[in-house]
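J.: If it helps, the file is called input_35.pdb and holds PDB, C-alpha atoms:
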```
ATOM      1  CA  MET A  22     121.085  94.950 112.508
ATOM      2  CA  THR A  23     122.072  98.514 111.678
ATOM      3  CA  LEU A  24     120.273 100.831 109.327
ATOM      4  CA  GLY A  25     122.089 101.871 106.158
ATOM      5  CA  VAL A  26     122.614 105.402 104.920
ATOM      6  CA  GLY A  27     119.348 107.081 103.994
ATOM      7  CA  ILE A  28     117.083 104.474 105.566
ATOM      8  CA  GLU A  29     114.362 105.908 107.736
ATOM      9  CA  GLY A  30     113.566 102.658 109.586
ATOM     10  CA  LEU A  31     109.900 102.658 110.605
ATOM     11  CA  GLN A  32     107.778 104.846 108.314
ATOM     12  CA  GLU A  33     104.076 105.398 107.773
ATOM     13  CA  ALA A  34     103.259 104.255 104.240
ATOM     14  CA  ARG A  35      99.556 105.056 104.579
ATOM     15  CA  ALA A  36      98.017 107.013 107.430
ATOM     16  CA  SER A  37      94.882 105.466 108.901
ATOM     17  CA  ALA A  38      92.075 106.727 106.682
ATOM     18  CA  ALA A  39      89.159 105.531 104.604
ATOM     19  CA  LEU A  40      90.081 104.114 101.211
ATOM     20  CA  PRO A  41      88.963 106.171  98.192
ATOM     21  CA  ALA A  42      85.324 105.974  97.137
ATOM     22  CA  ALA A  43      84.017 103.829  94.267
ATOM     23  CA  GLY A  44      86.970 101.432  94.319
ATOM     24  CA  ALA A  45      89.476 104.013  93.089
ATOM     25  CA  TRP A  46      93.193 103.612  93.826
ATOM     26  CA  ASP A  47      94.889 106.077  96.175
ATOM     27  CA  ALA A  48      95.504 109.143  94.019
ATOM     28  CA  ALA A  49      98.765 110.209  95.692
ATOM     29  CA  PRO A  50     100.332 107.322  97.642
ATOM     30  CA  THR A  51     103.029 108.305 100.137
ATOM     31  CA  GLU A  52     106.547 107.933  98.753
ATOM     32  CA  LEU A  53     109.014 106.424 101.213
ATOM     33  CA  ARG A  54     112.781 106.532 100.988
ATOM     34  CA  VAL A  55     114.347 103.069 101.394
ATOM     35  CA  SER A  56     117.747 103.711  99.801
ATOM     36  CA  GLY A  57     120.273 101.139 101.012
ATOM     37  CA  ALA A  58     117.680  98.855 102.627
ATOM     38  CA  ALA A  59     118.103  95.118 102.177
ATOM     39  CA  ARG A  60     114.464  94.323 102.952
ATOM     40  CA  CYS A  61     111.277  95.741 104.368
ATOM     41  CA  MET A  62     108.160  94.458 106.070
ATOM     42  CA  LEU A  63     104.663  95.907 106.145
ATOM     43  CA  GLN A  64     102.332  95.971 109.132
ATOM     44  CA  ILE A  65      98.796  96.530 107.856
ATOM     45  CA  THR A  66      95.576  97.323 109.727
ATOM     46  CA  TYR A  67      92.238  97.150 107.906
ATOM     47  CA  THR A  68      88.723  97.744 109.212
ATOM     48  CA  GLU A  69      85.973  97.022 106.739
ATOM     49  CA  GLY A  70      83.435  99.772 106.134
ATOM     50  CA  ALA A  71      80.642  97.236 105.677
ATOM     51  CA  GLY A  72      80.250  93.459 105.791
ATOM     52  CA  ALA A  73      82.108  91.728 102.925
ATOM     53  CA  GLY A  74      84.708  94.516 102.747
ATOM     54  CA  ALA A  75      88.143  93.777 101.293
ATOM     55  CA  PHE A  76      91.078  95.776  99.969
ATOM     56  CA  ALA A  77      93.864  95.432  97.440
ATOM     57  CA  LEU A  78      97.290  97.009  97.417
ATOM     58  CA  GLN A  79     100.203  97.088  95.039
ATOM     59  CA  LEU A  80     103.878  97.540  95.823
ATOM     60  CA  GLN A  81     105.496 100.068  93.530
ATOM     61  CA  THR A  82     109.222 100.758  93.533
ATOM     62  CA  SER A  83     111.537 103.270  91.933
ATOM     63  CA  ILE A  84     115.231 102.861  91.184
ATOM     64  CA  TYR A  85     115.452 106.661  90.943
ATOM     65  CA  SER A  86     116.059 108.692  94.088
ATOM     66  CA  LEU A  87     114.467 111.755  92.442
ATOM     67  CA  THR A  88     111.711 112.091  89.844
ATOM     68  CA  ALA A  89     114.034 114.151  87.629
ATOM     69  CA  MET A  90     116.482 111.227  87.376
ATOM     70  CA  ALA A  91     114.097 109.062  85.313
ATOM     71  CA  PRO A  92     115.211 109.250  81.663
ATOM     72  CA  ALA A  93     112.772 110.561  79.069
ATOM     73  CA  GLY A  94     110.383 107.801  78.105
ATOM     74  CA  ALA A  95     111.173 105.668  81.185
ATOM     75  CA  GLY A  96     108.618 104.973  83.882
ATOM     76  CA  GLU A  97     109.512 106.453  87.249
ATOM     77  CA  TRP A  98     107.560 103.766  89.164
ATOM     78  CA  ALA A  99     107.413 100.010  88.526
ATOM     79  CA  ASP A 100     104.751  97.600  89.783
ATOM     80  CA  ALA A 101     105.875  94.558  91.744
ATOM     81  CA  THR A 102     105.394  91.418  89.710
ATOM     82  CA  ALA A 103     104.494  87.766  89.978
ATOM     83  CA  TYR A 104     106.661  85.373  88.004
ATOM     84  CA  ALA A 105     105.980  81.755  87.041
ATOM     85  CA  VAL A 106     108.518  79.568  85.288
ATOM     86  CA  GLY A 107     107.045  77.558  82.440
ATOM     87  CA  ALA A 108     107.302  73.785  82.092
ATOM     88  CA  VAL A 109     110.709  72.516  81.032
ATOM     89  CA  VAL A 110     110.468  70.039  78.176
ATOM     90  CA  GLY A 111     113.430  68.588  76.319
ATOM     91  CA  GLY A 112     113.916  70.030  72.834
ATOM     92  CA  ALA A 113     111.708  73.100  73.371
ATOM     93  CA  ASP A 114     112.198  76.604  74.702
ATOM     94  CA  VAL A 115     110.456  77.490  77.965
ATOM     95  CA  THR A 116     107.804  80.202  78.043
ATOM     96  CA  SER A 117     107.597  81.857  81.457
ATOM     97  CA  LEU A 118     105.058  84.420  82.577
ATOM     98  CA  ILE A 119     105.514  87.727  84.386
ATOM     99  CA  GLN A 120     102.602  89.983  85.325
ATOM    100  CA  GLY A 121     101.963  92.937  87.612
ATOM    101  CA  ASN A 122     100.979  91.701  91.069
ATOM    102  CA  VAL A 123      98.032  93.095  93.040
ATOM    103  CA  ILE A 124      97.653  91.739  96.578
ATOM    104  CA  GLN A 125      94.140  91.357  98.016
ATOM    105  CA  PHE A 126      93.045  90.859 101.642
ATOM    106  CA  THR A 127      89.607  89.806 102.849
ATOM    107  CA  PRO A 128      89.101  89.966 106.631
ATOM    108  CA  VAL A 129      87.608  87.152 108.679
ATOM    109  CA  GLY A 130      85.719  89.406 111.114
ATOM    110  CA  ALA A 131      84.074  92.799 111.417
ATOM    111  CA  GLY A 132      86.692  94.448 113.666
ATOM    112  CA  ALA A 133      90.082  95.866 112.818
ATOM    113  CA  GLU A 134      92.541  93.199 111.671
ATOM    114  CA  THR A 135      96.297  93.717 111.792
ATOM    115  CA  PHE A 136      98.754  91.495 109.952
ATOM    116  CA  THR A 137     102.247  91.585 108.483
ATOM    117  CA  PHE A 138     103.375  91.138 104.908
ATOM    118  CA  GLY A 139     106.983  90.334 104.149
ATOM    119  CA  PRO A 140     109.828  90.423 104.421
ATOM    120  CA  ILE A 141     110.066  91.965 100.976
ATOM    121  CA  GLU A 142     113.563  91.730  99.514
ATOM    122  CA  LEU A 143     114.909  95.066  98.232
ATOM    123  CA  PHE A 144     118.548  93.936  97.828
ATOM    124  CA  GLU A 145     119.781  97.521  98.463
ATOM    125  CA  LEU A 146     118.620  98.343  94.905
ATOM    126  CA  VAL A 147     115.385 100.258  95.525
ATOM    127  CA  GLU A 148     115.510 104.002  96.201
ATOM    128  CA  ARG A 149     111.819 104.665  96.925
ATOM    129  CA  ILE A 150     108.661 102.653  97.506
ATOM    130  CA  ARG A 151     104.960 103.498  97.594
ATOM    131  CA  ILE A 152     101.898 101.373  98.248
ATOM    132  CA  PRO A 153      98.652 102.478  96.577
ATOM    133  CA  ALA A 154      95.499 100.720  97.805
ATOM    134  CA  GLN A 155      91.820 100.430  96.913
ATOM    135  CA  GLU A 156      88.592  99.033  98.360
ATOM    136  CA  VAL A 157      87.562  95.945  96.392
ATOM    137  CA  GLY A 158      84.870  94.533  98.684
ATOM    138  CA  VAL A 159      82.022  96.981  99.229
ATOM    139  CA  ILE A 160      83.173  99.910  97.091
ATOM    140  CA  ALA A 161      80.151 102.027  98.090
ATOM    141  CA  ASN A 162      81.317 101.873 101.733
ATOM    142  CA  PRO A 163      85.143 101.716 101.769
ATOM    143  CA  GLY A 164      87.026 100.472 104.801
ATOM    144  CA  THR A 165      89.850 102.123 106.729
ATOM    145  CA  LEU A 166      93.449 101.143 105.996
ATOM    146  CA  GLN A 167      96.765 101.928 107.689
ATOM    147  CA  VAL A 168     100.164 100.662 106.478
ATOM    148  CA  GLU A 169     103.455 100.905 108.370
ATOM    149  CA  LEU A 170     106.753  99.995 106.682
ATOM    150  CA  LEU A 171     109.913  98.897 108.478
ATOM    151  CA  ALA A 172     113.048  98.931 106.308
ATOM    152  CA  VAL A 173     116.396  97.485 107.369
TER
END
```
Please rewrite the model in this file as structure tokens.

T.:
Amino acid sequence: MTLGVGIEGLQEARASAALPAAGAWDAAPTELRVSGAARCMLQITYTEGAGAGAFALQLQTSIYSLTAMAPAGAGEWADATAYAVGAVVGGADVTSLIQGNVIQFTPVGAGAETFTFGPIELFELVERIRIPAQEVGVIANPGTLQVELLAV
């Protein structure tokens, strides 16, 4: 498979470092260019800072290649969502739900654990992506997280 114009291929979405203290989200997540990519996959490595550690992350995408392109009043970044279709009943409209989606991981052991997430479909529509994260297990002793992104 060949890479499209503007795709960087393998990129570091989050350098290996401790998550922010007190359960805060990453203040300045790394912005990655994925223009023209059909999909991406994440390879994630987490080492808990203390027993019962866990982390959460959120995929955020932008349809704008530059911050200045976002129209006044429009959000530059959009959270990935979870969508559930409501029950279909004859003679009634369907109410479906859509909410922002936060993804949480709890390790099974004390050592570093590496896993993949994806593929994530981008449909050649996303210009940039970022992945803020936070410690949600033992927020007084945050773990270390590294995220690599491969876009094709």

J.: For the structure provided, state which residues fall under the PyMOL selection byres ((chain A and resi 106) around 10), and present them as an MDAnalysis selection string.

T.: chainID A and resid 104:105 107:109 115:119

J.: How close does region 83-163 of chain A get to region 37-51 of chain A? List, as a Markdown table, each residue of region 83-163 of chain A within 6 Å, its nearest atom pair and the distance in Å to one decimal, counting only C-alpha atoms.

T.:
```
| residue | atom | partner | partner_atom | distance |
| --- | --- | --- | --- | --- |
| A:Arg151 | CA | A:Thr51 | CA | 5.8 |
| A:Pro153 | CA | A:Asp47 | CA | 5.2 |
| A:Ala154 | CA | A:Trp46 | CA | 5.4 |
| A:Gln155 | CA | A:Trp46 | CA | 4.6 |
| A:Glu156 | CA | A:Gly44 | CA | 5.0 |
| A:Val157 | CA | A:Gly44 | CA | 5.9 |
| A:Ile160 | CA | A:Ala43 | CA | 4.9 |
| A:Ala161 | CA | A:Ala43 | CA | 5.7 |
| A:Pro163 | CA | A:Leu40 | CA | 5.5 |
```

J.: Give me, as an mmCIF file with C-alpha atoms, in the frame of the given file, all polymer residues having an atom no more than 7 Å from Gln167 (chain A), counting all atoms listed in the file and skipping those fewer than 3 positions away in the same chain.

T.:
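Written output follows (around38.cif):
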```cif
data_model
loop_
_atom_site.group_PDB
_atom_site.id
_atom_site.type_symbol
_atom_site.label_atom_id
_atom_site.label_comp_id
_atom_site.auth_asym_id
_atom_site.auth_seq_id
_atom_site.Cartn_x
_atom_site.Cartn_y
_atom_site.Cartn_z
ATOM 1 C CA ARG A 35 99.556 105.056 104.579
ATOM 2 C CA ALA A 36 98.017 107.013 107.430
ATOM 3 C CA SER A 37 94.882 105.466 108.901
ATOM 4 C CA ALA A 38 92.075 106.727 106.682
ATOM 5 C CA ILE A 65 98.796 96.530 107.856
ATOM 6 C CA THR A 66 95.576 97.323 109.727
ATOM 7 C CA TYR A 67 92.238 97.150 107.906
#
```

J.: When you draw a straight line from CA of Ile124 (chain A) to CA of Ser56 (chain A), how long is it in Å?

T.: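 Answer for the CA of Ile124 (chain A) to CA of Ser56 (chain A) separation: 23.6 Å.
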
J.: Please report, as lines of an AutoDock Vina configuration file, the centre and edge lengths in Å to one decimal of an axis-aligned box covering all listed atoms of region 112-124 of chain A with 8 Å per side.

T.:
```
center_x = 105.8
center_y = 81.6
center_z = 84.7
size_x = 32.3
size_y = 39.1
size_z = 39.7
```

J.: Any idea what's packed within 12 Å of Thr88 (chain A), counting all atoms listed in the file, ignoring anything in its chain fewer than 2 positions away? Could you give it as a ChimeraX atom specification?

T.: /A:52,83-86,90-93,95-98,148-149

J.: Quick one: residues within 8 Å of region 57-64 of chain A, all atoms listed in the file, excluding same-chain residues fewer than 2 positions away - as an mmCIF file with C-alpha atoms, in the frame of the given file?

T.:
```cif
data_model
loop_
_atom_site.group_PDB
_atom_site.id
_atom_site.type_symbol
_atom_site.label_atom_id
_atom_site.label_comp_id
_atom_site.auth_asym_id
_atom_site.auth_seq_id
_atom_site.Cartn_x
_atom_site.Cartn_y
_atom_site.Cartn_z
ATOM 1 C CA LEU A 24 120.273 100.831 109.327
ATOM 2 C CA GLY A 25 122.089 101.871 106.158
ATOM 3 C CA VAL A 26 122.614 105.402 104.920
ATOM 4 C CA GLY A 27 119.348 107.081 103.994
ATOM 5 C CA ILE A 28 117.083 104.474 105.566
ATOM 6 C CA VAL A 55 114.347 103.069 101.394
ATOM 7 C CA THR A 66 95.576 97.323 109.727
ATOM 8 C CA THR A 135 96.297 93.717 111.792
ATOM 9 C CA PHE A 136 98.754 91.495 109.952
ATOM 10 C CA THR A 137 102.247 91.585 108.483
ATOM 11 C CA PHE A 138 103.375 91.138 104.908
ATOM 12 C CA GLY A 139 106.983 90.334 104.149
ATOM 13 C CA PRO A 140 109.828 90.423 104.421
ATOM 14 C CA ILE A 141 110.066 91.965 100.976
ATOM 15 C CA GLU A 142 113.563 91.730 99.514
ATOM 16 C CA LEU A 143 114.909 95.066 98.232
ATOM 17 C CA PHE A 144 118.548 93.936 97.828
ATOM 18 C CA GLU A 145 119.781 97.521 98.463
ATOM 19 C CA LEU A 146 118.620 98.343 94.905
ATOM 20 C CA VAL A 147 115.385 100.258 95.525
ATOM 21 C CA GLU A 148 115.510 104.002 96.201
ATOM 22 C CA VAL A 168 100.164 100.662 106.478
ATOM 23 C CA GLU A 169 103.455 100.905 108.370
ATOM 24 C CA LEU A 170 106.753 99.995 106.682
ATOM 25 C CA LEU A 171 109.913 98.897 108.478
ATOM 26 C CA ALA A 172 113.048 98.931 106.308
ATOM 27 C CA VAL A 173 116.396 97.485 107.369
#
```

J.: Please compute the CA of Gly94 (chain A)-CA of Leu78 (chain A) distance, one decimal, in Å.

T.: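 Pair CA of Gly94 (chain A) / CA of Leu78 (chain A) returns 25.7 Å.
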
J.: What would the list of residues within 12 Å of (87.8, 86.4, 110.7) (file frame) look like as a ChimeraX atom specification, if all atoms listed in the file are what count?

T.: /A:67-69,72-75,126-135

J.: Print the selection's residues with C-alpha atoms to a file, as a PDB file, in the frame of the given file.

T.:
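Result file is out.pdb:
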```pdb
ATOM      1  CA  TYR A  67      92.238  97.150 107.906  1.00  0.00           C
ATOM      2  CA  THR A  68      88.723  97.744 109.212  1.00  0.00           C
ATOM      3  CA  GLU A  69      85.973  97.022 106.739  1.00  0.00           C
ATOM      4  CA  GLY A  72      80.250  93.459 105.791  1.00  0.00           C
ATOM      5  CA  ALA A  73      82.108  91.728 102.925  1.00  0.00           C
ATOM      6  CA  GLY A  74      84.708  94.516 102.747  1.00  0.00           C
ATOM      7  CA  ALA A  75      88.143  93.777 101.293  1.00  0.00           C
ATOM      8  CA  PHE A 126      93.045  90.859 101.642  1.00  0.00           C
ATOM      9  CA  THR A 127      89.607  89.806 102.849  1.00  0.00           C
ATOM     10  CA  PRO A 128      89.101  89.966 106.631  1.00  0.00           C
ATOM     11  CA  VAL A 129      87.608  87.152 108.679  1.00  0.00           C
ATOM     12  CA  GLY A 130      85.719  89.406 111.114  1.00  0.00           C
ATOM     13  CA  ALA A 131      84.074  92.799 111.417  1.00  0.00           C
ATOM     14  CA  GLY A 132      86.692  94.448 113.666  1.00  0.00           C
ATOM     15  CA  ALA A 133      90.082  95.866 112.818  1.00  0.00           C
ATOM     16  CA  GLU A 134      92.541  93.199 111.671  1.00  0.00           C
ATOM     17  CA  THR A 135      96.297  93.717 111.792  1.00  0.00           C
TER      18      THR A 135
END
```
